[in-house]
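To be precise, the following lines are query39.json, and they hold JSON, C-alpha atoms.
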```
[["chain", "number", "residue", "atom", "x", "y", "z"],
["A", 90, "MET", "CA", 99.81, 76.80, 82.11],
["A", 91, "ARG", "CA", 100.78, 73.45, 83.61],
["A", 92, "LEU", "CA", 104.36, 74.61, 83.13],
["A", 93, "LEU", "CA", 103.82, 76.93, 86.06],
["A", 94, "ASN", "CA", 104.28, 74.01, 88.40],
["A", 95, "THR", "CA", 106.22, 71.42, 86.42],
["A", 96, "LEU", "CA", 108.90, 73.24, 84.46],
["A", 97, "VAL", "CA", 112.53, 73.02, 85.45],
["A", 98, "LEU", "CA", 113.57, 76.52, 86.45],
["A", 99, "LEU", "CA", 116.66, 78.05, 84.95],
["A", 100, "PRO", "CA", 119.39, 79.30, 87.31],
["A", 101, "LEU", "CA", 118.53, 82.65, 88.86],
["A", 102, "LEU", "CA", 121.50, 84.73, 87.71],
["A", 103, "PRO", "CA", 121.03, 84.30, 83.94],
["A", 104, "LEU", "CA", 117.38, 85.24, 84.36],
["A", 105, "LEU", "CA", 117.96, 88.50, 86.22],
["A", 106, "PRO", "CA", 118.44, 90.60, 83.05],
["A", 107, "LEU", "CA", 115.31, 89.00, 81.59],
["A", 108, "LEU", "CA", 113.31, 89.78, 84.72],
["A", 109, "SER", "CA", 114.52, 93.38, 84.66],
["A", 110, "LEU", "CA", 113.23, 93.77, 81.12],
["A", 111, "LEU", "CA", 109.94, 92.10, 81.92],
["A", 112, "THR", "CA", 109.22, 94.20, 84.99],
["A", 113, "ALA", "CA", 110.41, 97.59, 83.73],
["A", 114, "PRO", "CA", 107.95, 99.84, 81.86],
["A", 115, "SER", "CA", 108.88, 100.95, 78.38],
["A", 116, "LEU", "CA", 110.25, 104.49, 78.30],
["A", 117, "CYS", "CA", 110.33, 104.98, 74.55],
["A", 118, "ALA", "CA", 107.84, 102.74, 72.78],
["A", 119, "GLN", "CA", 104.39, 104.17, 72.23],
["A", 120, "VAL", "CA", 101.64, 101.98, 73.66],
["A", 121, "THR", "CA", 99.17, 100.95, 70.97],
["A", 122, "PHE", "CA", 96.19, 98.62, 71.17],
["A", 123, "GLY", "CA", 94.44, 96.31, 68.73],
["A", 124, "ALA", "CA", 95.60, 93.62, 66.33],
["A", 125, "SER", "CA", 99.37, 93.25, 66.10],
["A", 126, "ARG", "CA", 99.56, 90.35, 63.61],
["A", 127, "GLU", "CA", 97.56, 88.96, 60.71],
["A", 128, "GLU", "CA", 94.96, 86.28, 61.29],
["A", 129, "ALA", "CA", 96.09, 82.66, 61.11],
["A", 130, "GLU", "CA", 94.78, 79.17, 61.75],
["A", 131, "PRO", "CA", 93.16, 77.78, 63.77],
["A", 132, "PHE", "CA", 90.02, 79.85, 64.24],
["A", 133, "ARG", "CA", 91.42, 83.08, 62.81],
["A", 134, "ARG", "CA", 94.00, 83.18, 65.62],
["A", 135, "GLN", "CA", 95.35, 86.69, 65.96],
["A", 136, "GLU", "CA", 97.71, 88.44, 68.36],
["A", 137, "TRP", "CA", 96.31, 91.57, 69.98],
["A", 138, "ARG", "CA", 97.40, 94.17, 72.48],
["A", 139, "VAL", "CA", 94.82, 95.31, 75.03],
["A", 140, "PRO", "CA", 94.85, 97.85, 77.89],
["A", 141, "SER", "CA", 96.26, 96.98, 81.30],
["A", 142, "PRO", "CA", 96.21, 98.88, 84.62],
["A", 143, "ASP", "CA", 99.72, 100.08, 83.75],
["A", 144, "THR", "CA", 99.35, 102.81, 81.12],
["A", 145, "ASP", "CA", 102.90, 102.12, 79.91],
["A", 146, "ILE", "CA", 102.19, 98.46, 79.10],
["A", 147, "ALA", "CA", 99.82, 96.90, 76.60],
["A", 148, "ALA", "CA", 98.86, 93.38, 77.67],
["A", 149, "HIS", "CA", 99.45, 90.61, 75.14],
["A", 150, "ALA", "CA", 96.35, 88.69, 74.13],
["A", 151, "LEU", "CA", 95.11, 86.14, 71.63],
["A", 152, "LEU", "CA", 91.82, 86.57, 69.79],
["A", 153, "PHE", "CA", 89.91, 83.80, 68.01],
["A", 154, "ARG", "CA", 86.81, 84.23, 65.87],
["A", 155, "PRO", "CA", 84.27, 82.22, 63.89],
["A", 156, "ALA", "CA", 83.93, 82.81, 60.17],
["A", 157, "GLY", "CA", 82.06, 85.92, 59.11],
["A", 158, "THR", "CA", 81.89, 89.52, 60.24],
["A", 159, "GLY", "CA", 79.78, 89.15, 63.36],
["A", 160, "PRO", "CA", 78.83, 90.73, 65.61],
["A", 161, "PHE", "CA", 79.78, 87.77, 67.80],
["A", 162, "ARG", "CA", 79.14, 87.15, 71.45],
["A", 163, "LEU", "CA", 82.38, 87.57, 73.37],
["A", 164, "ALA", "CA", 83.94, 85.00, 75.67],
["A", 165, "VAL", "CA", 86.94, 86.02, 77.80],
["A", 166, "ILE", "CA", 89.20, 83.38, 79.36],
["A", 167, "ALA", "CA", 91.19, 84.44, 82.44],
["A", 168, "HIS", "CA", 94.28, 82.28, 82.96],
["A", 169, "ALA", "CA", 95.83, 80.70, 86.06],
["A", 170, "SER", "CA", 98.78, 82.25, 87.88],
["A", 171, "THR", "CA", 101.52, 81.58, 90.44],
["A", 172, "GLN", "CA", 103.22, 83.52, 93.21],
["A", 173, "ASN", "CA", 106.60, 82.36, 91.88],
["A", 174, "VAL", "CA", 108.19, 85.22, 89.91],
["A", 175, "LEU", "CA", 110.43, 82.95, 87.81],
["A", 176, "ARG", "CA", 107.57, 80.71, 86.79],
["A", 177, "ARG", "CA", 105.52, 83.72, 85.80],
["A", 178, "ALA", "CA", 108.37, 85.13, 83.71],
["A", 179, "GLN", "CA", 108.71, 81.84, 81.82],
["A", 180, "MET", "CA", 104.97, 81.41, 81.29],
["A", 181, "PRO", "CA", 103.97, 80.85, 77.65],
["A", 182, "GLN", "CA", 101.12, 82.85, 76.15],
["A", 183, "PRO", "CA", 97.94, 81.16, 77.43],
["A", 184, "GLU", "CA", 95.67, 79.78, 74.71],
["A", 185, "TYR", "CA", 93.32, 77.17, 76.18],
["A", 186, "ARG", "CA", 93.07, 75.61, 72.72],
["A", 187, "ALA", "CA", 90.43, 72.99, 73.41],
["A", 188, "LEU", "CA", 88.21, 75.38, 75.35],
["A", 189, "THR", "CA", 88.66, 78.04, 72.65],
["A", 190, "ALA", "CA", 87.66, 75.53, 69.96],
["A", 191, "PHE", "CA", 84.56, 74.62, 71.99],
["A", 192, "LEU", "CA", 83.51, 78.26, 72.28],
["A", 193, "VAL", "CA", 84.26, 79.28, 68.67],
["A", 194, "ALA", "CA", 82.19, 76.31, 67.48],
["A", 195, "ARG", "CA", 79.28, 77.83, 69.41],
["A", 196, "GLY", "CA", 79.64, 81.22, 67.75],
["A", 197, "PHE", "CA", 81.80, 83.09, 70.25],
["A", 198, "ALA", "CA", 84.73, 85.36, 69.60],
["A", 199, "VAL", "CA", 87.25, 84.36, 72.27],
["A", 200, "LEU", "CA", 89.79, 86.64, 73.93],
["A", 201, "VAL", "CA", 92.60, 85.19, 76.07],
["A", 202, "PRO", "CA", 94.48, 88.14, 77.61],
["A", 203, "GLU", "CA", 97.77, 87.72, 79.44],
["A", 204, "ARG", "CA", 97.87, 89.74, 82.65],
["A", 205, "LEU", "CA", 100.62, 91.95, 84.04],
["A", 206, "GLY", "CA", 103.60, 90.20, 85.59],
["A", 207, "HIS", "CA", 103.28, 87.17, 83.28],
["A", 208, "GLY", "CA", 105.31, 86.02, 80.27],
["A", 209, "ALA", "CA", 105.64, 88.41, 77.34],
["A", 210, "THR", "CA", 103.39, 91.06, 78.90],
["A", 211, "GLY", "CA", 105.73, 91.55, 81.86],
["A", 212, "GLY", "CA", 105.42, 94.51, 84.19],
["A", 213, "ARG", "CA", 104.57, 94.59, 87.87],
["A", 214, "TYR", "CA", 102.55, 91.72, 89.33],
["A", 215, "VAL", "CA", 99.60, 93.74, 90.63],
["A", 216, "GLU", "CA", 97.59, 90.73, 91.86],
["A", 217, "ASP", "CA", 100.15, 89.60, 94.45],
["A", 218, "GLN", "CA", 98.34, 88.01, 97.39],
["A", 219, "GLY", "CA", 101.19, 88.54, 99.85],
["A", 220, "GLY", "CA", 102.68, 85.91, 102.15],
["A", 221, "CYS", "CA", 101.12, 82.53, 102.80],
["A", 222, "ASP", "CA", 99.93, 83.09, 106.37],
["A", 223, "GLU", "CA", 98.79, 86.68, 105.83],
["A", 224, "ALA", "CA", 97.48, 86.35, 102.25],
["A", 225, "ASP", "CA", 95.12, 89.12, 101.13],
["A", 226, "TYR", "CA", 92.79, 87.27, 98.80],
["A", 227, "VAL", "CA", 90.29, 90.09, 98.45],
["A", 228, "HIS", "CA", 92.98, 92.42, 97.11],
["A", 229, "SER", "CA", 94.41, 89.84, 94.71],
["A", 230, "GLY", "CA", 90.98, 88.91, 93.37],
["A", 231, "ARG", "CA", 89.96, 92.51, 92.78],
["A", 232, "ALA", "CA", 93.27, 93.29, 91.08],
["A", 233, "THR", "CA", 92.76, 90.34, 88.73],
["A", 234, "ALA", "CA", 89.18, 91.47, 88.10],
["A", 235, "GLU", "CA", 90.38, 94.95, 87.13],
["A", 236, "GLU", "CA", 92.80, 93.51, 84.58],
["A", 237, "ILE", "CA", 90.12, 91.29, 83.08],
["A", 238, "SER", "CA", 87.70, 94.22, 82.96],
["A", 239, "ARG", "CA", 90.09, 96.49, 81.06],
["A", 240, "ALA", "CA", 90.67, 93.89, 78.35],
["A", 241, "LEU", "CA", 86.96, 93.07, 78.15],
["A", 242, "ASP", "CA", 85.89, 96.71, 77.91],
["A", 243, "TYR", "CA", 88.30, 97.31, 75.05],
["A", 244, "LEU", "CA", 86.96, 94.37, 73.04],
["A", 245, "LEU", "CA", 83.39, 95.49, 73.58],
["A", 246, "LYS", "CA", 84.25, 98.62, 71.59],
["A", 247, "GLN", "CA", 85.06, 96.56, 68.48],
["A", 248, "ASP", "CA", 82.47, 96.40, 65.70],
["A", 249, "PHE", "CA", 82.62, 92.61, 65.42],
["A", 250, "VAL", "CA", 81.65, 92.09, 69.08],
["A", 251, "ARG", "CA", 78.17, 92.27, 70.59],
["A", 252, "LYS", "CA", 77.83, 94.72, 73.46],
["A", 253, "ASP", "CA", 75.95, 92.27, 75.68],
["A", 254, "ALA", "CA", 75.89, 88.61, 76.69],
["A", 255, "VAL", "CA", 79.61, 88.32, 77.49],
["A", 256, "VAL", "CA", 80.69, 85.02, 79.01],
["A", 257, "LEU", "CA", 83.58, 85.23, 81.48],
["A", 258, "LEU", "CA", 85.51, 82.02, 82.04],
["A", 259, "GLY", "CA", 88.26, 81.85, 84.64],
["A", 260, "HIS", "CA", 90.73, 79.17, 85.63],
["A", 261, "SER", "CA", 92.25, 78.96, 89.13],
["A", 262, "ALA", "CA", 93.53, 82.48, 89.97],
["A", 263, "GLY", "CA", 91.74, 83.70, 86.82],
["A", 264, "GLY", "CA", 88.57, 82.12, 88.16],
["A", 265, "TRP", "CA", 89.13, 83.87, 91.47],
["A", 266, "GLY", "CA", 89.30, 87.18, 89.61],
["A", 267, "ALA", "CA", 86.14, 86.20, 87.73],
["A", 268, "LEU", "CA", 84.33, 85.74, 91.07],
["A", 269, "ALA", "CA", 85.43, 89.24, 92.08],
["A", 270, "LEU", "CA", 84.08, 90.55, 88.75],
["A", 271, "ALA", "CA", 80.68, 88.91, 89.32],
["A", 272, "ASN", "CA", 79.66, 92.32, 90.69],
["A", 273, "ALA", "CA", 79.66, 93.78, 87.16],
["A", 274, "ASP", "CA", 76.61, 94.83, 85.13],
["A", 275, "PRO", "CA", 74.64, 91.65, 84.30],
["A", 276, "LYS", "CA", 73.47, 93.31, 81.08],
["A", 277, "ALA", "CA", 77.07, 93.20, 79.85],
["A", 278, "ILE", "CA", 78.31, 89.94, 81.41],
["A", 279, "SER", "CA", 75.67, 87.24, 81.30],
["A", 280, "THR", "CA", 77.42, 84.49, 83.21],
["A", 281, "VAL", "CA", 80.65, 83.49, 84.93],
["A", 282, "ILE", "CA", 82.09, 79.99, 84.56],
["A", 283, "ALA", "CA", 84.86, 79.34, 87.07],
["A", 284, "PHE", "CA", 87.12, 76.29, 86.86],
["A", 285, "ALA", "CA", 88.55, 75.50, 90.31],
["A", 286, "PRO", "CA", 88.67, 79.18, 91.32],
["A", 287, "GLY", "CA", 90.96, 80.13, 94.17],
["A", 288, "ARG", "CA", 94.41, 81.25, 95.21],
["A", 289, "GLY", "CA", 97.07, 79.84, 97.51],
["A", 290, "GLY", "CA", 96.69, 76.22, 96.41],
["A", 291, "HIS", "CA", 99.62, 73.82, 96.62],
["A", 292, "ALA", "CA", 101.17, 75.92, 99.39],
["A", 293, "ASN", "CA", 104.92, 75.25, 99.40],
["A", 294, "ASP", "CA", 104.23, 72.94, 96.42],
["A", 295, "GLU", "CA", 102.33, 70.51, 98.68],
["A", 296, "PRO", "CA", 99.15, 68.94, 97.26],
["A", 297, "ASN", "CA", 95.92, 69.60, 99.16],
["A", 298, "ARG", "CA", 97.47, 72.41, 101.20],
["A", 299, "VAL", "CA", 96.07, 75.93, 100.88],
["A", 300, "CYS", "CA", 97.63, 79.12, 102.28],
["A", 301, "ALA", "CA", 95.38, 80.72, 104.91],
["A", 302, "PRO", "CA", 92.29, 78.68, 103.93],
["A", 303, "HIS", "CA", 90.00, 80.56, 106.32],
["A", 304, "ALA", "CA", 91.00, 83.84, 104.68],
["A", 305, "LEU", "CA", 90.13, 82.38, 101.27],
["A", 306, "VAL", "CA", 86.69, 81.32, 102.52],
["A", 307, "ALA", "CA", 86.09, 84.76, 104.02],
["A", 308, "ALA", "CA", 87.11, 86.42, 100.75],
["A", 309, "ALA", "CA", 84.68, 84.21, 98.81],
["A", 310, "ALA", "CA", 81.89, 85.39, 101.11],
["A", 311, "GLU", "CA", 82.99, 88.99, 100.54],
["A", 312, "PHE", "CA", 82.80, 88.58, 96.77],
["A", 313, "GLY", "CA", 79.38, 86.99, 97.13],
["A", 314, "LYS", "CA", 77.99, 90.09, 98.87],
["A", 315, "ALA", "CA", 78.34, 92.20, 95.74],
["A", 316, "ALA", "CA", 77.73, 89.51, 93.12],
["A", 317, "ARG", "CA", 75.09, 90.24, 90.47],
["A", 318, "ILE", "CA", 76.03, 87.65, 87.86],
["A", 319, "PRO", "CA", 75.28, 83.92, 88.19],
["A", 320, "VAL", "CA", 78.31, 81.65, 88.59],
["A", 321, "THR", "CA", 78.82, 78.08, 87.44],
["A", 322, "TRP", "CA", 81.57, 76.61, 89.64],
["A", 323, "LEU", "CA", 83.32, 73.52, 88.25],
["A", 324, "VAL", "CA", 86.02, 71.40, 89.90],
["A", 325, "ALA", "CA", 87.46, 68.01, 88.95],
["A", 326, "ALA", "CA", 87.26, 65.10, 91.37],
["A", 327, "ASN", "CA", 91.06, 64.81, 91.35],
["A", 328, "ASP", "CA", 91.93, 68.49, 91.84],
["A", 329, "SER", "CA", 94.67, 68.67, 94.49],
["A", 330, "TYR", "CA", 94.87, 72.47, 94.52],
["A", 331, "PHE", "CA", 91.29, 73.10, 95.60],
["A", 332, "ALA", "CA", 89.74, 69.69, 96.25],
["A", 333, "PRO", "CA", 85.99, 69.27, 95.71],
["A", 334, "ALA", "CA", 85.15, 69.32, 99.43],
["A", 335, "PHE", "CA", 87.16, 72.50, 99.98],
["A", 336, "SER", "CA", 85.84, 74.06, 96.77],
["A", 337, "ARG", "CA", 82.28, 73.34, 97.87],
["A", 338, "GLY", "CA", 83.01, 75.21, 101.09],
["A", 339, "LEU", "CA", 84.22, 78.19, 99.06],
["A", 340, "ALA", "CA", 81.11, 78.06, 96.86],
["A", 341, "ASP", "CA", 78.88, 77.84, 99.96],
["A", 342, "ALA", "CA", 80.61, 80.92, 101.38],
["A", 343, "PHE", "CA", 80.09, 82.80, 98.10],
["A", 344, "ARG", "CA", 76.42, 81.79, 98.15],
["A", 345, "GLY", "CA", 76.11, 82.66, 101.83],
["A", 346, "GLY", "CA", 77.39, 86.16, 101.06],
["A", 347, "GLY", "CA", 74.57, 86.58, 98.57],
["A", 348, "GLY", "CA", 76.00, 85.24, 95.30],
["A", 349, "LYS", "CA", 74.13, 82.90, 92.98],
["A", 350, "VAL", "CA", 76.26, 79.81, 92.33],
["A", 351, "ASP", "CA", 75.73, 76.38, 90.78],
["A", 352, "PHE", "CA", 78.48, 74.07, 92.06],
["A", 353, "ARG", "CA", 79.34, 70.91, 90.12],
["A", 354, "THR", "CA", 82.03, 68.25, 90.58],
["A", 355, "LEU", "CA", 83.39, 66.84, 87.31],
["A", 356, "PRO", "CA", 84.95, 63.41, 86.75],
["A", 357, "ALA", "CA", 88.64, 62.91, 87.37],
["A", 358, "VAL", "CA", 90.72, 63.74, 84.30],
["A", 359, "GLY", "CA", 94.42, 63.00, 83.90],
["A", 360, "SER", "CA", 96.84, 62.87, 86.80],
["A", 361, "GLU", "CA", 95.91, 66.34, 88.12],
["A", 362, "GLY", "CA", 92.39, 67.61, 87.68],
["A", 363, "HIS", "CA", 93.32, 71.23, 88.31],
["A", 364, "TRP", "CA", 94.59, 71.47, 84.73],
["A", 365, "MET", "CA", 91.74, 69.57, 83.09],
["A", 366, "ILE", "CA", 90.30, 72.59, 81.30],
["A", 367, "GLU", "CA", 93.57, 73.00, 79.38],
["A", 368, "THR", "CA", 93.12, 69.58, 77.73],
["A", 369, "GLU", "CA", 90.80, 68.11, 75.12],
["A", 370, "ALA", "CA", 89.81, 65.32, 77.51],
["A", 371, "GLY", "CA", 89.01, 67.87, 80.20],
["A", 372, "VAL", "CA", 86.87, 70.05, 77.94],
["A", 373, "LYS", "CA", 85.05, 66.94, 76.72],
["A", 374, "ALA", "CA", 84.36, 65.92, 80.33],
["A", 375, "ALA", "CA", 83.08, 69.42, 81.10],
["A", 376, "SER", "CA", 81.15, 69.89, 77.85],
["A", 377, "GLY", "CA", 77.74, 69.01, 79.27],
["A", 378, "GLU", "CA", 78.06, 71.49, 82.12],
["A", 379, "LEU", "CA", 79.49, 74.11, 79.78],
["A", 380, "ASP", "CA", 76.58, 73.79, 77.37],
["A", 381, "ARG", "CA", 74.14, 73.99, 80.25],
["A", 382, "ALA", "CA", 75.79, 77.17, 81.55],
["A", 383, "LEU", "CA", 75.88, 78.72, 78.06],
["A", 384, "LYS", "CA", 72.27, 77.88, 77.17],
["A", 385, "PRO", "CA", 70.74, 81.06, 78.68],
["A", 386, "VAL", "CA", 73.33, 83.14, 76.83],
["A", 387, "ALA", "CA", 72.55, 81.48, 73.51],
["A", 388, "ALA", "CA", 68.88, 82.23, 74.02],
["A", 389, "LYS", "CA", 69.49, 85.99, 74.19],
["A", 390, "LYS", "CA", 68.64, 87.78, 70.95],
["A", 391, "PRO", "CA", 71.03, 90.40, 69.51]]
```

Mind converting the file's structure to C-alpha cells?
Amino acid sequence: MRLLNTLVLLPLLPLLPLLSLLTAPSLCAQVTFGASREEAEPFRRQEWRVPSPDTDIAAHALLFRPAGTGPFRLAVIAHASTQNVLRRAQMPQPEYRALTAFLVARGFAVLVPERLGHGATGGRYVEDQGGCDEADYVHSGRATAEEISRALDYLLKQDFVRKDAVVLLGHSAGGWGALALANADPKAISTVIAFAPGRGGHANDEPNRVCAPHALVAAAAEFGKAARIPVTWLVAANDSYFAPAFSRGLADAFRGGGGKVDFRTLPAVGSEGHWMIETEAGVKAASGELDRALKPVAAKKP
C-alpha cells in the first residue's frame, strides 16, 4: 500500500488501455464467488472472489486461515486508498502480512478484500470523495462501508466462519469506512480497530495537510451518531497524514456524536507512521493495544 504514494508513475498514454479494461464491466464472463485458487503458504493463503456493489464485478480478496476446520472467528482488513486513479490502477493486492500473521496466530480467519476501482478488481471507484475543497467524506465513508459489508456478509455464510464476533480492522481510508460501518449489528461485529482512519490526508502530496479538515471532523461526528460498535483508534506518533493531534480531534468528534472510542497514540515507527501497520515493526509496536482490543472478542464463547 505504501506504493500508493511512492511509486514512480508510468506515462499516461500507455496506461489508458489498461485503465479502460480495469474500469469497464465484463460483458461476457459470468461472475462467480468463492475460492479461485488452491491454498498455499503462509497461513493457507487463498485467492477468493467476493461480492461488490457492482453486480458485474467480483472483488478480488485474499483469505488466510489457521489449521483445522473451524469455525473460526473472522477478521476483515479494509485497505487504504488514494484519489489518484493511476496509483489505484497500479495498486498490488493488499495483504497486510504481519497483521494477518498476528491475527491467524490468535485463531482468526482473515479476509483482505480489494475494493472497486483498485488494482486487479478494477471497476468504478464508488468511494470517490470529490474535490479537495468540497470533499464529501460522509458519502465516501459510507460507500467504503458498503463494500466492506458485502464481502463480510458473504464470508459469514461459509461453514468455517463463526456467525458472530467479527473483528473489523481498517487502515486509513479503510479505517474511515470501518467507522461508517460501526453502525452495524454489534452481535455480528464485536469491535472496530481503526489505524489512522481518515480521508484527504497529504493534500496535494503535502505532509500534514488535509483536504477540508472541518468537513472531515463533521463527518466523524456524523458517523458517531449512529455508532453501535466500540472503536479502538490507533495512530503513530510520526503519522504525517493524520497527525495524533488532528486524529484526536476526529476521535473526539466521533465520541461527541455518540460513538464509543478508545484513542491511543503509538510510538513512532519507520520514516512515516501512517504505514506502520503494514510492517512487522509496526504490528509489534501495536501488539499490546491490539491484544487489549481483541480480549473481549476472545472471551466470547461460540

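Proximity ranking of A:Val201, A:Ile366, A:Ala308, A:Ala301 relative to Val324 in chain A places A:Ile366 first, based on all atoms listed in the file.
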
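In this structure, CA of Lys252 in chain A sits 24.8 Å away from CA of Pro131 in chain A.
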
Quiz item: Nearest to Arg177 in chain A among A:Arg239, A:His149, A:Arg204, A:Lys373, with distances taken over all atoms listed in the file: which residue is it?
Solution: A:Arg204

Hey, could you pull the box centre and edge lengths for range 307-325 of chain A, axis-aligned, 5 Å padding per side, all listed atoms, to one decimal in Å, as AutoDock Vina command-line options?
```
--center_x 81.3 --center_y 80.1 --center_z 95.7 --size_x 22.4 --size_y 34.2 --size_z 26.6
```

Self-check item: Test item: residues at most 10 Å from Ala148 in chain A, all atoms listed in the file, excluding those fewer than 3 positions along its chain, as a PyMOL selection string
Solution: chain A and resi 120+122+137-143+145+202-207+209-212+236+239-240

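Reported to one decimal place, the separation of CA of Gly289 in chain A from CA of Gly346 in chain A is 21.0 Å.
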
Quiz item: Nearest to Pro155 in chain A among A:Glu130, A:Arg176, A:Ala198, A:Phe335, with distances taken over only C-alpha atoms: which residue is it?
Solution: A:Ala198

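Close contacts of range 317-319 of chain A, defined as residues with an atom at most 10 Å away when counting only C-alpha atoms, with chain neighbours fewer than 3 positions off set aside, comprise Leu268, Leu270, Ala271, Asn272, Ala273, Asp274, Pro275, Lys276, Ala277, Ile278, Ser279, Thr280, Val281, Ile282, Gly313, Lys314, Trp322, Gly347, Gly348, Lys349, Val350, Asp351 and Ala382 of chain A.
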
Quiz item: Taking all atoms listed in the file into account, which of A:Tyr226, A:Phe343, A:Trp364, A:Trp265 comes nearest Ala310 in chain A?
Solution: A:Phe343

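Distances here use only C-alpha atoms; by that measure, the residue among A:Gly338, A:Gly371, A:Pro333, A:Gly157 closest to Arg353 in chain A is A:Pro333.
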
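Computed from the coordinates, the CA of Leu257 in chain A to CA of Ile166 in chain A distance equals 6.3 Å.
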
Practice problem: Identify, on the basis of all atoms listed in the file, every residue whose closest approach to Arg381 in chain A does not exceed 12 Å; exclude the query and any residue fewer than 3 positions from it along the same chain; express the result as a ChimeraX atom specification. | Solution: /A:280,282,321,351,353,375-378,384-388

Quiz item: So which one's closest to Cys300 in chain A, A:Gly287, A:Pro181, A:Gly123, A:Gly345? Using all atoms listed in the file, please.
Solution: A:Gly287

Quiz item: Neighbours of Ala224 in chain A within 9 Å (all atoms listed in the file; same-chain residues fewer than 2 positions away dropped), as JSON, numbers by chain?
Solution: {"A": [217, 218, 219, 220, 221, 222, 226, 227, 229, 289, 300, 301, 304, 305]}

Output of the above residues as a tab-separated table (two decimals), keeping the file's coordinate frame, restricted to C-alpha atoms:
```tsv
chain	number	residue	atom	x	y	z
A	217	ASP	CA	100.15	89.60	94.45
A	218	GLN	CA	98.34	88.01	97.39
A	219	GLY	CA	101.19	88.54	99.85
A	220	GLY	CA	102.68	85.91	102.15
A	221	CYS	CA	101.12	82.53	102.80
A	222	ASP	CA	99.93	83.09	106.37
A	226	TYR	CA	92.79	87.27	98.80
A	227	VAL	CA	90.29	90.09	98.45
A	229	SER	CA	94.41	89.84	94.71
A	289	GLY	CA	97.07	79.84	97.51
A	300	CYS	CA	97.63	79.12	102.28
A	301	ALA	CA	95.38	80.72	104.91
A	304	ALA	CA	91.00	83.84	104.68
A	305	LEU	CA	90.13	82.38	101.27
```

Quiz prompt | Residue neighbourhood Phe161 in chain A, 12 Å, all atoms listed in the file, exclusion window fewer than 3 positions, as a VMD selection string | solution = chain A and resid 153 to 158 164 192 to 200 244 to 245 247 to 256 387 390 to 391

For range 219-231 of chain A, supply N, CA, C and O atoms and report the output as an mmCIF file, keeping the file's coordinate frame.
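Final output, saved to part_8.cif:
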```cif
data_model
loop_
_atom_site.group_PDB
_atom_site.id
_atom_site.type_symbol
_atom_site.label_atom_id
_atom_site.label_comp_id
_atom_site.auth_asym_id
_atom_site.auth_seq_id
_atom_site.Cartn_x
_atom_site.Cartn_y
_atom_site.Cartn_z
ATOM 1 N N GLY A 219 100.414 88.395 98.636
ATOM 2 C CA GLY A 219 101.190 88.540 99.850
ATOM 3 C C GLY A 219 101.690 87.193 100.342
ATOM 4 O O GLY A 219 101.653 86.188 99.631
ATOM 5 N N GLY A 220 102.151 87.154 101.572
ATOM 6 C CA GLY A 220 102.680 85.910 102.150
ATOM 7 C C GLY A 220 101.607 84.863 102.361
ATOM 8 O O GLY A 220 100.408 85.145 102.269
ATOM 9 N N CYS A 221 102.053 83.645 102.672
ATOM 10 C CA CYS A 221 101.120 82.530 102.800
ATOM 11 C C CYS A 221 100.194 82.701 104.002
ATOM 12 O O CYS A 221 98.980 82.562 103.885
ATOM 13 N N ASP A 222 100.752 83.014 105.152
ATOM 14 C CA ASP A 222 99.930 83.090 106.370
ATOM 15 C C ASP A 222 99.064 84.334 106.411
ATOM 16 O O ASP A 222 97.997 84.327 107.035
ATOM 17 N N GLU A 223 99.532 85.431 105.780
ATOM 18 C CA GLU A 223 98.790 86.680 105.830
ATOM 19 C C GLU A 223 98.248 87.073 104.458
ATOM 20 O O GLU A 223 98.116 88.254 104.137
ATOM 21 N N ALA A 224 97.927 86.093 103.623
ATOM 22 C CA ALA A 224 97.480 86.350 102.250
ATOM 23 C C ALA A 224 96.239 87.249 102.223
ATOM 24 O O ALA A 224 95.306 87.064 103.007
ATOM 25 N N ASP A 225 96.253 88.212 101.326
ATOM 26 C CA ASP A 225 95.120 89.120 101.130
ATOM 27 C C ASP A 225 94.412 88.711 99.839
ATOM 28 O O ASP A 225 94.721 89.206 98.749
ATOM 29 N N TYR A 226 93.454 87.827 99.965
ATOM 30 C CA TYR A 226 92.790 87.270 98.800
ATOM 31 C C TYR A 226 91.753 88.212 98.200
ATOM 32 O O TYR A 226 91.437 88.096 97.013
ATOM 33 N N VAL A 227 91.215 89.115 98.994
ATOM 34 C CA VAL A 227 90.290 90.090 98.450
ATOM 35 C C VAL A 227 91.027 91.040 97.513
ATOM 36 O O VAL A 227 90.581 91.303 96.390
ATOM 37 N N HIS A 228 92.178 91.529 97.958
ATOM 38 C CA HIS A 228 92.980 92.420 97.110
ATOM 39 C C HIS A 228 93.385 91.729 95.813
ATOM 40 O O HIS A 228 93.238 92.301 94.722
ATOM 41 N N SER A 229 93.921 90.517 95.914
ATOM 42 C CA SER A 229 94.410 89.840 94.710
ATOM 43 C C SER A 229 93.272 89.563 93.736
ATOM 44 O O SER A 229 93.429 89.731 92.522
ATOM 45 N N GLY A 230 92.111 89.171 94.247
ATOM 46 C CA GLY A 230 90.980 88.910 93.370
ATOM 47 C C GLY A 230 90.490 90.157 92.659
ATOM 48 O O GLY A 230 90.190 90.135 91.459
ATOM 49 N N ARG A 231 90.421 91.253 93.393
ATOM 50 C CA ARG A 231 89.960 92.510 92.780
ATOM 51 C C ARG A 231 90.960 93.048 91.779
ATOM 52 O O ARG A 231 90.567 93.635 90.765
#
```
